[in-house]
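Heads up, start28.pdb below (PDB, C-alpha atoms):
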```
ATOM      1  CA  MET A1312      66.236 131.471 252.474
ATOM      2  CA  THR A1313      67.314 132.324 248.931
ATOM      3  CA  LYS A1314      70.939 131.519 248.194
ATOM      4  CA  PRO A1315      73.002 134.732 247.777
ATOM      5  CA  LEU A1316      73.866 135.765 244.238
ATOM      6  CA  ARG A1317      77.539 135.486 243.321
ATOM      7  CA  ALA A1318      78.735 138.783 241.839
ATOM      8  CA  GLY A1319      81.971 139.812 240.177
ATOM      9  CA  LEU A1320      83.498 143.069 238.972
ATOM     10  CA  VAL A1321      85.694 143.958 236.005
ATOM     11  CA  GLY A1322      87.808 147.061 236.582
ATOM     12  CA  LEU A1323      89.120 148.795 239.718
ATOM     13  CA  GLY A1324      89.395 152.280 238.280
ATOM     14  CA  SER A1325      87.679 155.364 239.638
ATOM     15  CA  MET A1326      84.142 154.019 239.156
ATOM     16  CA  GLY A1327      85.063 150.389 239.752
ATOM     17  CA  ARG A1328      86.272 151.174 243.260
ATOM     18  CA  HIS A1329      82.841 152.551 244.140
ATOM     19  CA  HIS A1330      81.163 149.471 242.665
ATOM     20  CA  ALA A1331      83.425 147.250 244.795
ATOM     21  CA  ARG A1332      82.440 149.116 247.959
ATOM     22  CA  VAL A1333      78.721 148.743 247.258
ATOM     23  CA  LEU A1334      78.948 145.106 246.130
ATOM     24  CA  ALA A1335      80.823 144.163 249.301
ATOM     25  CA  GLY A1336      77.923 145.338 251.467
ATOM     26  CA  LEU A1337      74.953 144.511 249.235
ATOM     27  CA  ASP A1338      72.280 142.347 250.883
ATOM     28  CA  GLY A1339      71.690 139.037 249.148
ATOM     29  CA  VAL A1340      74.971 139.183 247.233
ATOM     30  CA  ASP A1341      78.392 137.595 247.728
ATOM     31  CA  PHE A1342      81.176 139.636 246.144
ATOM     32  CA  VAL A1343      83.481 136.857 244.935
ATOM     33  CA  GLY A1344      86.114 138.357 242.639
ATOM     34  CA  VAL A1345      87.556 141.289 240.688
ATOM     35  CA  VAL A1346      89.331 141.368 237.340
ATOM     36  CA  ASP A1347      92.042 143.992 236.880
ATOM     37  CA  PRO A1348      95.387 143.207 235.223
ATOM     38  CA  MET A1349      96.861 146.244 237.021
ATOM     39  CA  GLY A1350      96.056 144.710 240.405
ATOM     40  CA  ASP A1351      94.488 146.412 243.406
ATOM     41  CA  LYS A1352      96.624 149.563 243.479
ATOM     42  CA  PHE A1353      94.292 151.395 245.860
ATOM     43  CA  GLY A1354      93.281 148.564 248.206
ATOM     44  CA  ALA A1355      89.701 148.769 246.959
ATOM     45  CA  ALA A1356      88.895 145.092 246.334
ATOM     46  CA  GLN A1357      87.203 144.730 249.734
ATOM     47  CA  GLY A1358      88.977 141.430 250.350
ATOM     48  CA  ALA A1359      87.814 139.810 247.109
ATOM     49  CA  PRO A1360      90.513 138.014 245.075
ATOM     50  CA  VAL A1361      91.951 140.080 242.217
ATOM     51  CA  LEU A1362      92.226 138.148 238.951
ATOM     52  CA  ASN A1363      93.907 138.804 235.622
ATOM     53  CA  THR A1364      91.236 137.661 233.158
ATOM     54  CA  VAL A1365      87.484 137.575 232.706
ATOM     55  CA  GLU A1366      87.752 133.818 232.084
ATOM     56  CA  GLU A1367      89.114 133.315 235.598
ATOM     57  CA  LEU A1368      86.156 135.202 237.029
ATOM     58  CA  ILE A1369      83.658 133.191 234.965
ATOM     59  CA  ALA A1370      85.279 129.992 236.213
ATOM     60  CA  MET A1371      84.419 131.032 239.775
ATOM     61  CA  GLY A1372      80.730 130.591 238.938
ATOM     62  CA  VAL A1373      79.379 134.140 239.061
ATOM     63  CA  ASP A1374      75.692 134.911 238.542
ATOM     64  CA  TYR A1375      76.337 138.456 237.358
ATOM     65  CA  THR A1376      79.224 140.844 236.812
ATOM     66  CA  VAL A1377      79.594 144.610 236.875
ATOM     67  CA  VAL A1378      81.656 145.854 233.932
ATOM     68  CA  ALA A1379      83.540 149.038 234.881
ATOM     69  CA  CYS A1380      86.586 148.823 232.601
ATOM     70  CA  PRO A1381      87.419 151.432 229.890
ATOM     71  CA  THR A1382      84.598 151.961 227.399
ATOM     72  CA  HIS A1383      86.446 150.464 224.421
ATOM     73  CA  LEU A1384      86.623 147.129 226.300
ATOM     74  CA  HIS A1385      82.911 146.920 227.161
ATOM     75  CA  GLU A1386      81.981 144.977 224.052
ATOM     76  CA  GLU A1387      84.744 142.377 224.395
ATOM     77  CA  VAL A1388      84.061 141.785 228.091
ATOM     78  CA  GLY A1389      80.277 141.832 227.680
ATOM     79  CA  LEU A1390      80.316 139.304 224.837
ATOM     80  CA  ALA A1391      82.486 136.948 226.902
ATOM     81  CA  LEU A1392      80.069 137.168 229.832
ATOM     82  CA  ALA A1393      77.031 136.619 227.607
ATOM     83  CA  ALA A1394      78.633 133.571 225.978
ATOM     84  CA  ALA A1395      79.162 132.112 229.453
ATOM     85  CA  GLY A1396      75.551 132.781 230.512
ATOM     86  CA  VAL A1397      76.490 135.494 233.017
ATOM     87  CA  CYS A1398      74.212 138.521 233.536
ATOM     88  CA  ALA A1399      75.909 141.919 233.377
ATOM     89  CA  LEU A1400      75.572 145.502 234.565
ATOM     90  CA  ILE A1401      77.731 147.504 232.124
ATOM     91  CA  GLU A1402      78.855 151.013 232.935
ATOM     92  CA  LYS A1403      77.712 153.761 230.597
ATOM     93  CA  PRO A1404      78.056 154.181 227.717
ATOM     94  CA  VAL A1405      77.249 150.552 226.983
ATOM     95  CA  ALA A1406      79.763 150.538 224.101
ATOM     96  CA  ASP A1407      81.927 153.003 222.202
ATOM     97  CA  THR A1408      80.151 152.392 218.876
ATOM     98  CA  VAL A1409      76.562 151.862 217.774
ATOM     99  CA  GLU A1410      77.531 148.568 216.149
ATOM    100  CA  GLY A1411      79.147 147.348 219.361
ATOM    101  CA  ALA A1412      76.066 148.271 221.367
ATOM    102  CA  ARG A1413      73.861 146.331 218.942
ATOM    103  CA  ARG A1414      76.072 143.257 219.211
ATOM    104  CA  LEU A1415      75.820 143.366 222.991
ATOM    105  CA  VAL A1416      72.028 143.687 222.854
ATOM    106  CA  GLU A1417      71.801 140.669 220.557
ATOM    107  CA  ALA A1418      74.203 138.595 222.668
ATOM    108  CA  PHE A1419      72.300 139.050 225.930
ATOM    109  CA  GLU A1420      68.740 139.145 224.568
ATOM    110  CA  SER A1421      69.218 136.009 222.448
ATOM    111  CA  ARG A1422      70.236 134.101 225.576
ATOM    112  CA  GLY A1423      67.510 135.533 227.807
ATOM    113  CA  LEU A1424      70.057 137.076 230.174
ATOM    114  CA  VAL A1425      69.396 140.101 232.365
ATOM    115  CA  ALA A1426      71.667 142.982 231.375
ATOM    116  CA  GLY A1427      71.613 146.665 232.146
ATOM    117  CA  VAL A1428      73.561 149.890 231.732
ATOM    118  CA  GLY A1429      74.847 152.006 234.608
ATOM    119  CA  HIS A1430      73.121 155.273 233.762
ATOM    120  CA  ILE A1431      73.383 156.374 237.373
ATOM    121  CA  GLU A1432      71.303 159.558 236.985
ATOM    122  CA  ARG A1433      68.191 157.381 236.787
ATOM    123  CA  CYS A1434      68.816 156.641 240.464
ATOM    124  CA  ASN A1435      69.347 160.251 241.535
ATOM    125  CA  PRO A1436      66.629 161.153 244.076
ATOM    126  CA  ALA A1437      65.827 164.489 242.419
ATOM    127  CA  LEU A1438      65.347 162.947 238.978
ATOM    128  CA  ARG A1439      63.338 159.997 240.285
ATOM    129  CA  SER A1440      60.986 162.447 242.001
ATOM    130  CA  LEU A1441      60.844 164.610 238.872
ATOM    131  CA  ARG A1442      59.963 161.643 236.683
ATOM    132  CA  ALA A1443      57.194 160.534 239.048
ATOM    133  CA  ARG A1444      55.736 164.048 239.065
ATOM    134  CA  LEU A1445      55.800 164.259 235.275
ATOM    135  CA  GLU A1446      54.098 160.863 235.032
ATOM    136  CA  ALA A1447      51.426 162.117 237.445
ATOM    137  CA  GLY A1448      50.756 165.074 235.141
ATOM    138  CA  GLU A1449      51.797 167.752 237.649
ATOM    139  CA  LEU A1450      53.440 169.863 234.920
ATOM    140  CA  GLY A1451      50.845 169.340 232.210
ATOM    141  CA  ASP A1452      52.225 169.360 228.678
ATOM    142  CA  VAL A1453      56.033 169.396 228.566
ATOM    143  CA  TYR A1454      57.574 172.075 226.340
ATOM    144  CA  GLN A1455      61.315 171.950 226.902
ATOM    145  CA  VAL A1456      64.101 170.051 228.687
ATOM    146  CA  VAL A1457      67.388 171.881 229.334
ATOM    147  CA  THR A1458      70.510 170.322 230.840
ATOM    148  CA  ARG A1459      73.888 171.765 231.811
ATOM    149  CA  ARG A1460      76.684 169.412 232.805
ATOM    150  CA  GLN A1461      80.044 171.081 233.097
ATOM    151  CA  GLY A1462      83.199 170.979 235.158
ATOM    152  CA  PRO A1463      86.969 170.471 235.043
ATOM    153  CA  PHE A1464      88.586 167.772 232.896
ATOM    154  CA  PRO A1465      88.604 164.336 234.607
ATOM    155  CA  HIS A1466      92.062 162.846 234.004
ATOM    156  CA  ARG A1467      90.635 159.334 234.398
ATOM    157  CA  ILE A1468      88.998 159.624 230.942
ATOM    158  CA  ALA A1469      91.272 158.922 227.979
ATOM    159  CA  ASP A1470      89.369 156.822 225.440
ATOM    160  CA  VAL A1471      86.264 158.927 224.660
ATOM    161  CA  GLY A1472      85.261 162.572 224.450
ATOM    162  CA  VAL A1473      82.760 164.591 226.426
ATOM    163  CA  VAL A1474      79.834 163.477 224.230
ATOM    164  CA  LYS A1475      80.157 159.764 225.003
ATOM    165  CA  ASP A1476      81.321 160.225 228.593
ATOM    166  CA  LEU A1477      79.183 163.060 229.961
ATOM    167  CA  ALA A1478      76.490 163.932 227.416
ATOM    168  CA  THR A1479      75.217 160.340 227.454
ATOM    169  CA  HIS A1480      74.010 161.055 231.001
ATOM    170  CA  ASP A1481      71.820 163.892 229.741
ATOM    171  CA  ILE A1482      70.625 162.031 226.653
ATOM    172  CA  ASP A1483      69.499 159.084 228.748
ATOM    173  CA  LEU A1484      67.907 161.068 231.573
ATOM    174  CA  THR A1485      65.985 163.265 229.119
ATOM    175  CA  GLY A1486      64.385 160.290 227.409
ATOM    176  CA  TRP A1487      63.823 158.548 230.730
ATOM    177  CA  VAL A1488      62.129 161.387 232.658
ATOM    178  CA  THR A1489      59.897 162.336 229.715
ATOM    179  CA  GLY A1490      59.226 158.826 228.394
ATOM    180  CA  ARG A1491      59.908 160.100 224.861
ATOM    181  CA  GLU A1492      62.359 159.371 222.019
ATOM    182  CA  TYR A1493      64.783 161.714 220.255
ATOM    183  CA  VAL A1494      63.903 162.342 216.599
ATOM    184  CA  SER A1495      66.494 164.981 215.671
ATOM    185  CA  ILE A1496      69.638 166.643 216.968
ATOM    186  CA  ALA A1497      71.933 169.480 215.877
ATOM    187  CA  ALA A1498      75.238 170.063 217.643
ATOM    188  CA  HIS A1499      78.554 171.889 217.713
ATOM    189  CA  THR A1500      81.708 170.638 219.438
ATOM    190  CA  VAL A1501      85.146 172.081 220.171
ATOM    191  CA  SER A1502      88.421 170.670 221.455
ATOM    192  CA  LYS A1503      90.456 173.176 223.443
ATOM    193  CA  SER A1504      92.518 170.951 225.737
ATOM    194  CA  GLY A1505      94.806 169.479 223.083
ATOM    195  CA  ARG A1506      93.310 166.008 223.319
ATOM    196  CA  GLU A1507      92.125 163.827 220.449
ATOM    197  CA  HIS A1508      88.468 164.032 221.454
ATOM    198  CA  GLU A1509      86.022 166.914 221.887
ATOM    199  CA  ASP A1510      85.757 168.561 225.298
ATOM    200  CA  MET A1511      82.708 170.790 224.788
ATOM    201  CA  VAL A1512      79.366 170.263 223.082
ATOM    202  CA  SER A1513      76.226 172.339 222.630
ATOM    203  CA  ALA A1514      73.223 170.507 221.207
ATOM    204  CA  VAL A1515      69.604 171.295 220.361
ATOM    205  CA  GLY A1516      67.158 168.502 219.662
ATOM    206  CA  ARG A1517      63.536 167.474 219.444
ATOM    207  CA  LEU A1518      61.631 164.570 221.002
ATOM    208  CA  ASP A1519      58.873 162.612 219.287
ATOM    209  CA  ASP A1520      56.110 164.665 220.931
ATOM    210  CA  GLY A1521      57.641 167.976 219.839
ATOM    211  CA  THR A1522      59.426 168.728 223.110
ATOM    212  CA  MET A1523      62.561 170.847 222.583
ATOM    213  CA  VAL A1524      65.798 169.755 224.272
ATOM    214  CA  ASN A1525      69.009 171.697 224.895
ATOM    215  CA  HIS A1526      72.254 170.211 226.220
ATOM    216  CA  LEU A1527      75.398 172.116 227.232
ATOM    217  CA  VAL A1528      78.223 169.809 228.307
ATOM    218  CA  ASN A1529      81.918 170.489 228.802
ATOM    219  CA  TRP A1530      85.171 169.643 230.563
ATOM    220  CA  LEU A1531      86.402 173.237 230.356
ATOM    221  CA  SER A1532      84.712 174.924 233.310
ATOM    222  CA  PRO A1533      86.076 175.447 236.834
ATOM    223  CA  LEU A1534      82.437 175.428 237.938
ATOM    224  CA  LYS A1535      80.977 171.966 238.439
ATOM    225  CA  GLU A1536      77.305 172.038 237.501
ATOM    226  CA  ARG A1537      74.639 169.361 237.083
ATOM    227  CA  PHE A1538      71.411 171.141 236.123
ATOM    228  CA  THR A1539      68.184 169.837 234.603
ATOM    229  CA  SER A1540      65.097 171.941 234.000
ATOM    230  CA  VAL A1541      61.782 170.830 232.547
ATOM    231  CA  THR A1542      59.405 173.601 231.476
ATOM    232  CA  GLY A1543      55.778 172.913 230.765
ATOM    233  CA  GLU A1544      52.203 174.075 230.844
ATOM    234  CA  ARG A1545      52.059 174.758 234.595
ATOM    235  CA  GLY A1546      55.589 175.926 235.361
ATOM    236  CA  CYS A1547      59.121 174.617 235.594
ATOM    237  CA  PHE A1548      60.887 171.865 237.551
ATOM    238  CA  ILE A1549      64.582 172.341 238.325
ATOM    239  CA  ALA A1550      66.721 169.433 239.483
ATOM    240  CA  ASP A1551      70.245 169.827 240.860
ATOM    241  CA  THR A1552      71.714 166.341 240.725
ATOM    242  CA  LEU A1553      74.838 167.347 242.667
ATOM    243  CA  THR A1554      72.742 168.104 245.744
ATOM    244  CA  ALA A1555      69.729 165.936 244.762
ATOM    245  CA  ASP A1556      67.400 168.934 245.223
ATOM    246  CA  LEU A1557      64.185 169.420 243.251
ATOM    247  CA  THR A1558      62.241 172.672 243.081
ATOM    248  CA  PHE A1559      59.087 173.697 241.256
ATOM    249  CA  HIS A1560      58.448 177.216 239.979
ATOM    250  CA  SER A1561      54.759 177.559 239.231
ATOM    251  CA  ASN A1562      52.980 179.886 236.872
ATOM    252  CA  ALA A1563      51.211 182.673 238.757
ATOM    253  CA  ALA A1564      47.621 181.897 239.722
ATOM    254  CA  VAL A1565      46.801 185.488 240.690
ATOM    255  CA  THR A1566      45.971 188.434 238.463
ATOM    256  CA  THR A1567      48.106 191.568 238.354
ATOM    257  CA  GLU A1568      46.989 195.190 238.402
ATOM    258  CA  TRP A1569      50.218 196.387 236.812
ATOM    259  CA  GLU A1570      49.167 197.529 233.350
ATOM    260  CA  ALA A1571      52.583 196.883 231.740
ATOM    261  CA  LEU A1572      52.519 193.248 232.864
ATOM    262  CA  GLN A1573      48.897 192.735 231.896
ATOM    263  CA  ALA A1574      49.849 193.428 228.298
ATOM    264  CA  PHE A1575      52.289 190.479 228.323
ATOM    265  CA  ARG A1576      50.435 187.415 227.112
ATOM    266  CA  GLY A1577      52.866 184.795 228.470
ATOM    267  CA  VAL A1578      53.175 183.446 232.023
ATOM    268  CA  SER A1579      54.261 185.242 235.164
ATOM    269  CA  GLU A1580      56.123 184.179 238.287
ATOM    270  CA  GLY A1581      54.219 182.213 240.879
ATOM    271  CA  ASP A1582      55.115 180.203 243.971
ATOM    272  CA  MET A1583      58.316 178.208 244.374
ATOM    273  CA  ILE A1584      58.312 174.843 246.161
ATOM    274  CA  ARG A1585      61.441 172.992 247.283
ATOM    275  CA  TYR A1586      60.598 169.351 247.863
ATOM    276  CA  ALA A1587      61.847 167.285 250.782
ATOM    277  CA  ILE A1588      63.186 164.101 249.178
ATOM    278  CA  PRO A1589      64.756 161.057 250.871
ATOM    279  CA  LYS A1590      68.357 161.080 249.606
ATOM    280  CA  ARG A1591      69.763 157.586 249.236
ATOM    281  CA  GLU A1592      73.065 157.008 247.438
ATOM    282  CA  PRO A1593      72.268 156.561 243.718
ATOM    283  CA  LEU A1594      74.857 153.800 243.231
ATOM    284  CA  GLN A1595      73.350 151.801 246.091
ATOM    285  CA  VAL A1596      69.902 152.131 244.519
ATOM    286  CA  GLU A1597      71.285 151.115 241.108
ATOM    287  CA  HIS A1598      72.812 147.942 242.546
ATOM    288  CA  GLU A1599      69.669 147.023 244.460
ATOM    289  CA  LEU A1600      67.560 147.408 241.325
ATOM    290  CA  PHE A1601      69.911 145.284 239.243
ATOM    291  CA  ARG A1602      70.129 142.593 241.931
ATOM    292  CA  ASP A1603      66.342 142.424 242.004
ATOM    293  CA  ALA A1604      66.199 142.202 238.209
ATOM    294  CA  VAL A1605      68.619 139.243 238.234
ATOM    295  CA  LEU A1606      66.370 137.591 240.815
ATOM    296  CA  GLY A1607      63.429 137.987 238.425
ATOM    297  CA  GLU A1608      61.683 140.686 240.416
ATOM    298  CA  PRO A1609      60.195 143.850 238.858
ATOM    299  CA  ALA A1610      62.969 146.454 238.717
ATOM    300  CA  ASP A1611      63.285 149.711 236.779
ATOM    301  CA  ILE A1612      66.768 149.240 235.316
ATOM    302  CA  CYS A1613      68.231 150.814 232.193
ATOM    303  CA  THR A1614      68.124 147.964 229.696
ATOM    304  CA  LEU A1615      70.824 147.300 227.106
ATOM    305  CA  ARG A1616      68.392 148.289 224.366
ATOM    306  CA  GLN A1617      67.798 151.648 226.078
ATOM    307  CA  GLY A1618      71.545 152.043 226.514
ATOM    308  CA  MET A1619      72.008 151.301 222.814
ATOM    309  CA  ARG A1620      69.522 154.039 221.965
ATOM    310  CA  THR A1621      71.587 156.527 223.962
ATOM    311  CA  VAL A1622      74.716 155.510 222.019
ATOM    312  CA  GLU A1623      72.767 156.044 218.782
ATOM    313  CA  VAL A1624      71.788 159.572 219.829
ATOM    314  CA  ALA A1625      75.383 160.319 220.922
ATOM    315  CA  ALA A1626      76.560 159.161 217.487
ATOM    316  CA  ALA A1627      74.030 161.530 215.925
ATOM    317  CA  VAL A1628      75.412 164.400 218.039
ATOM    318  CA  LEU A1629      78.928 163.710 216.760
ATOM    319  CA  ALA A1630      77.677 163.300 213.177
ATOM    320  CA  SER A1631      75.915 166.658 213.349
ATOM    321  CA  ALA A1632      79.014 168.349 214.730
ATOM    322  CA  THR A1633      81.018 166.896 211.842
ATOM    323  CA  ASN A1634      78.671 167.653 208.942
ATOM    324  CA  GLY A1635      77.198 170.888 210.285
ATOM    325  CA  GLY A1636      73.550 169.896 209.808
ATOM    326  CA  THR A1637      70.606 168.464 211.651
ATOM    327  CA  VAL A1638      70.660 164.688 212.047
ATOM    328  CA  LEU A1639      67.346 162.838 211.979
ATOM    329  CA  ILE A1640      67.124 159.875 214.339
ATOM    330  CA  ASP A1641      64.686 157.260 213.095
ATOM    331  CA  PRO A1642      63.442 154.614 215.570
ATOM    332  CA  VAL A1643      63.797 151.918 212.903
ATOM    333  CA  GLU A1644      66.648 153.061 210.679
ATOM    334  CA  HIS A1645      68.509 154.526 213.685
ATOM    335  CA  VAL A1646      70.653 157.396 212.327
ATOM    336  CA  ALA A1647      70.176 159.181 209.015
ATOM    337  CA  ALA A1648      71.787 162.556 208.215
ATOM    338  CA  ARG A1649      69.982 165.344 206.406
TER     339      ARG A1649
END
```

Would you write out, as structure tokens, the structure that this file holds?
Amino acid sequence: MTKPLRAGLVGLGSMGRHHARVLAGLDGVDFVGVVDPMGDKFGAAQGAPVLNTVEELIAMGVDYTVVACPTHLHEEVGLALAAAGVCALIEKPVADTVEGARRLVEAFESRGLVAGVGHIERCNPALRSLRARLEAGELGDVYQVVTRRQGPFPHRIADVGVVKDLATHDIDLTGWVTGREYVSIAAHTVSKSGREHEDMVSAVGRLDDGTMVNHLVNWLSPLKERFTSVTGERGCFIADTLTADLTFHSNAAVTTEWEALQAFRGVSEGDMIRYAIPKREPLQVEHELFRDAVLGEPADICTLRQGMRTVEVAAAVLASATNGGTVLIDPVEHVAAR
């Protein structure tokens, strides 16, 4: 039998506590230690020893570590793990700056280490089904992707604004489900809660095949919403990632005898299908995929380079909101304002 992987965790905050729960029960993995200078205030360490420093965890001989500390510490912790030859699953966003993300990519890639980013929406059952259906050509040509991600302010977030915390979900999932790259973005932000960072953003962008994208993200709504729609040649997919439901609204395949509607040269309403999808916990799926990747098996994880690209697009969103223009996003030169 294969020897279990030795896994560690950095951070026992809101997300870290969930990671600890999954790691403690993950097949083929021994959960050996947690780093949190604040200690285990919520009794979430699942019996693993709680350490003060990353160096102590490395000394325990871990194969990989989940990094779930505040975003501004991701680079420091990730570079220490890479230098020690430890693989890492880093919570999103991978870093708080584009330069930091690039340094992390270089550190892990140059050493041939497996590293990924915790863009959890890639493991949502509705979005995984949507992506598979798009890849199979069920929608035909894709015209537009629209996302809405809004809800009350999460008091656990203090070091970044809504763009880097929430909008990075939508940036990543849009590129992932379509298999395309952002080439431009235009955005507006506001800050209404008295905090340093923005708490609402509205963005319009374009992908490299001409697909239009629209993102509405905020921390100012009493309504919690996680909505993704993809409109294309044959209809529209709608994914609710809170409930993991996926529906398809097809273009009508029947003719109409209503003269007023016959004059309209667009599409008309057809059948609606709600798919029955197996609904496994996304975090469990994310951990299983990363474990398999560390073992050298094929696994569809979000790579550091993909995570870096999301940080680049988020930086373009903030740049657009600052300068009031469209920001072009070049695959080679990264971010250039117009």

Checklist entry - Pick from A:Val1425, A:Ala1318, A:His1385, A:Gly1486: nearest to Gln1617 in chain A, with only C-alpha atoms counted? => result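 Closest candidate: A:Gly1486.
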
Next on the checklist: To one decimal place in Å, what is the distance between CA of Glu1432 in chain A and CA of Gly1358 in chain A?
Outcome noted: 28.6 Å

Checklist entry - Hey, what's within 12 Å of Leu1390 in chain A if we count all atoms listed in the file and toss same-chain stuff fewer than 2 positions away? As a count of residues only, please? => result 33

Checklist entry - Which distance in Å separates CA of Asn1525 in chain A and CA of Thr1458 in chain A, to one decimal? => result 6.3 Å

Residues within 12 Å of Val1346 in chain A, please, as an mmCIF file with C-alpha atoms, in the coordinates of the input. Count all atoms listed in the file; anything in the same chain fewer than 6 positions from it doesn't count.
```cif
data_model
loop_
_atom_site.group_PDB
_atom_site.id
_atom_site.type_symbol
_atom_site.label_atom_id
_atom_site.label_comp_id
_atom_site.auth_asym_id
_atom_site.auth_seq_id
_atom_site.Cartn_x
_atom_site.Cartn_y
_atom_site.Cartn_z
ATOM 1 C CA ALA A 1318 78.735 138.783 241.839
ATOM 2 C CA GLY A 1319 81.971 139.812 240.177
ATOM 3 C CA LEU A 1320 83.498 143.069 238.972
ATOM 4 C CA VAL A 1321 85.694 143.958 236.005
ATOM 5 C CA GLY A 1322 87.808 147.061 236.582
ATOM 6 C CA LEU A 1323 89.120 148.795 239.718
ATOM 7 C CA GLY A 1324 89.395 152.280 238.280
ATOM 8 C CA GLY A 1327 85.063 150.389 239.752
ATOM 9 C CA ARG A 1328 86.272 151.174 243.260
ATOM 10 C CA ALA A 1331 83.425 147.250 244.795
ATOM 11 C CA ALA A 1356 88.895 145.092 246.334
ATOM 12 C CA ALA A 1359 87.814 139.810 247.109
ATOM 13 C CA PRO A 1360 90.513 138.014 245.075
ATOM 14 C CA VAL A 1361 91.951 140.080 242.217
ATOM 15 C CA LEU A 1362 92.226 138.148 238.951
ATOM 16 C CA ASN A 1363 93.907 138.804 235.622
ATOM 17 C CA THR A 1364 91.236 137.661 233.158
ATOM 18 C CA VAL A 1365 87.484 137.575 232.706
ATOM 19 C CA GLU A 1366 87.752 133.818 232.084
ATOM 20 C CA GLU A 1367 89.114 133.315 235.598
ATOM 21 C CA LEU A 1368 86.156 135.202 237.029
ATOM 22 C CA ILE A 1369 83.658 133.191 234.965
ATOM 23 C CA MET A 1371 84.419 131.032 239.775
ATOM 24 C CA THR A 1376 79.224 140.844 236.812
ATOM 25 C CA VAL A 1377 79.594 144.610 236.875
ATOM 26 C CA VAL A 1378 81.656 145.854 233.932
ATOM 27 C CA ALA A 1379 83.540 149.038 234.881
ATOM 28 C CA CYS A 1380 86.586 148.823 232.601
ATOM 29 C CA VAL A 1388 84.061 141.785 228.091
#
```

Item to check | d(CA of Val1473 in chain A, CA of Val1512 in chain A) in Å | outcome: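 Rounded to one decimal, the two atoms are 7.4 Å apart.
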
Checklist entry - So which residues get picked by the PyMOL selection byres ((chain A and resi 1429-1431) around 12) here, written as a VMD selection string? => result chain A and resid 1326 to 1327 1330 1377 to 1379 1399 to 1406 1426 to 1428 1432 to 1436 1438 to 1439 1476 to 1487 1552 1592 to 1598 1600 to 1601 1611 to 1615 1617 to 1619 1621 to 1622

Item to check | Result set of the PyMOL selection byres ((chain A and resi 1444) around 12) on the coordinates above, as an NGL selection string | outcome: :A and (1437-1443 or 1445-1451 or 1453 or 1488-1489 or 1541 or 1547-1548 or 1557-1559 or 1586)

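If all atoms listed in the file are the atoms counted, then among A:Ala1550, A:Val1528, A:Ala1555, A:Val1456 the closest residue to Pro1589 in chain A is A:Ala1555.
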
Item to check | Contacts of Arg1460 in chain A within 7 Å, all atoms listed in the file, excl. fewer than 4 positions in-chain, as a VMD selection string | outcome: chain A and resid 1527 to 1529 1536 to 1538

Next on the checklist: Taking 3 positions as the minimum chain separation for residues in the same chain, which residues sit within 7 Å of Val1501 in chain A when counting only C-alpha atoms? Answer as a list in words.
Outcome noted: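 Non-adjacent residues within range: Glu1509, Asp1510, Met1511 and Val1512 of chain A.
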
Checklist entry - Which residues match the PyMOL selection byres ((chain A and resi 1492-1497) around 8) in the file above, as a PyMOL selection string? => result chain A and resi 1486+1490-1491+1498-1499+1514-1519+1624+1627-1628+1631-1632+1635-1642

Output of the above residues as a compact mmCIF listing (two decimals), in the coordinates of the input, restricted to C-alpha atoms:
```txt
# COMPACT_ATOMS: atom_id res chain seq x y z
CA GLY A 1486 64.39 160.29 227.41
CA GLY A 1490 59.23 158.83 228.39
CA ARG A 1491 59.91 160.10 224.86
CA ALA A 1498 75.24 170.06 217.64
CA HIS A 1499 78.55 171.89 217.71
CA ALA A 1514 73.22 170.51 221.21
CA VAL A 1515 69.60 171.30 220.36
CA GLY A 1516 67.16 168.50 219.66
CA ARG A 1517 63.54 167.47 219.44
CA LEU A 1518 61.63 164.57 221.00
CA ASP A 1519 58.87 162.61 219.29
CA VAL A 1624 71.79 159.57 219.83
CA ALA A 1627 74.03 161.53 215.92
CA VAL A 1628 75.41 164.40 218.04
CA SER A 1631 75.92 166.66 213.35
CA ALA A 1632 79.01 168.35 214.73
CA GLY A 1635 77.20 170.89 210.28
CA GLY A 1636 73.55 169.90 209.81
CA THR A 1637 70.61 168.46 211.65
CA VAL A 1638 70.66 164.69 212.05
CA LEU A 1639 67.35 162.84 211.98
CA ILE A 1640 67.12 159.88 214.34
CA ASP A 1641 64.69 157.26 213.10
CA PRO A 1642 63.44 154.61 215.57
```

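Comparing A:Thr1313, A:Gln1455, A:Asn1634, A:Ser1561 by their smallest distance to Thr1522 in chain A, the closest is A:Gln1455 (using all atoms listed in the file).
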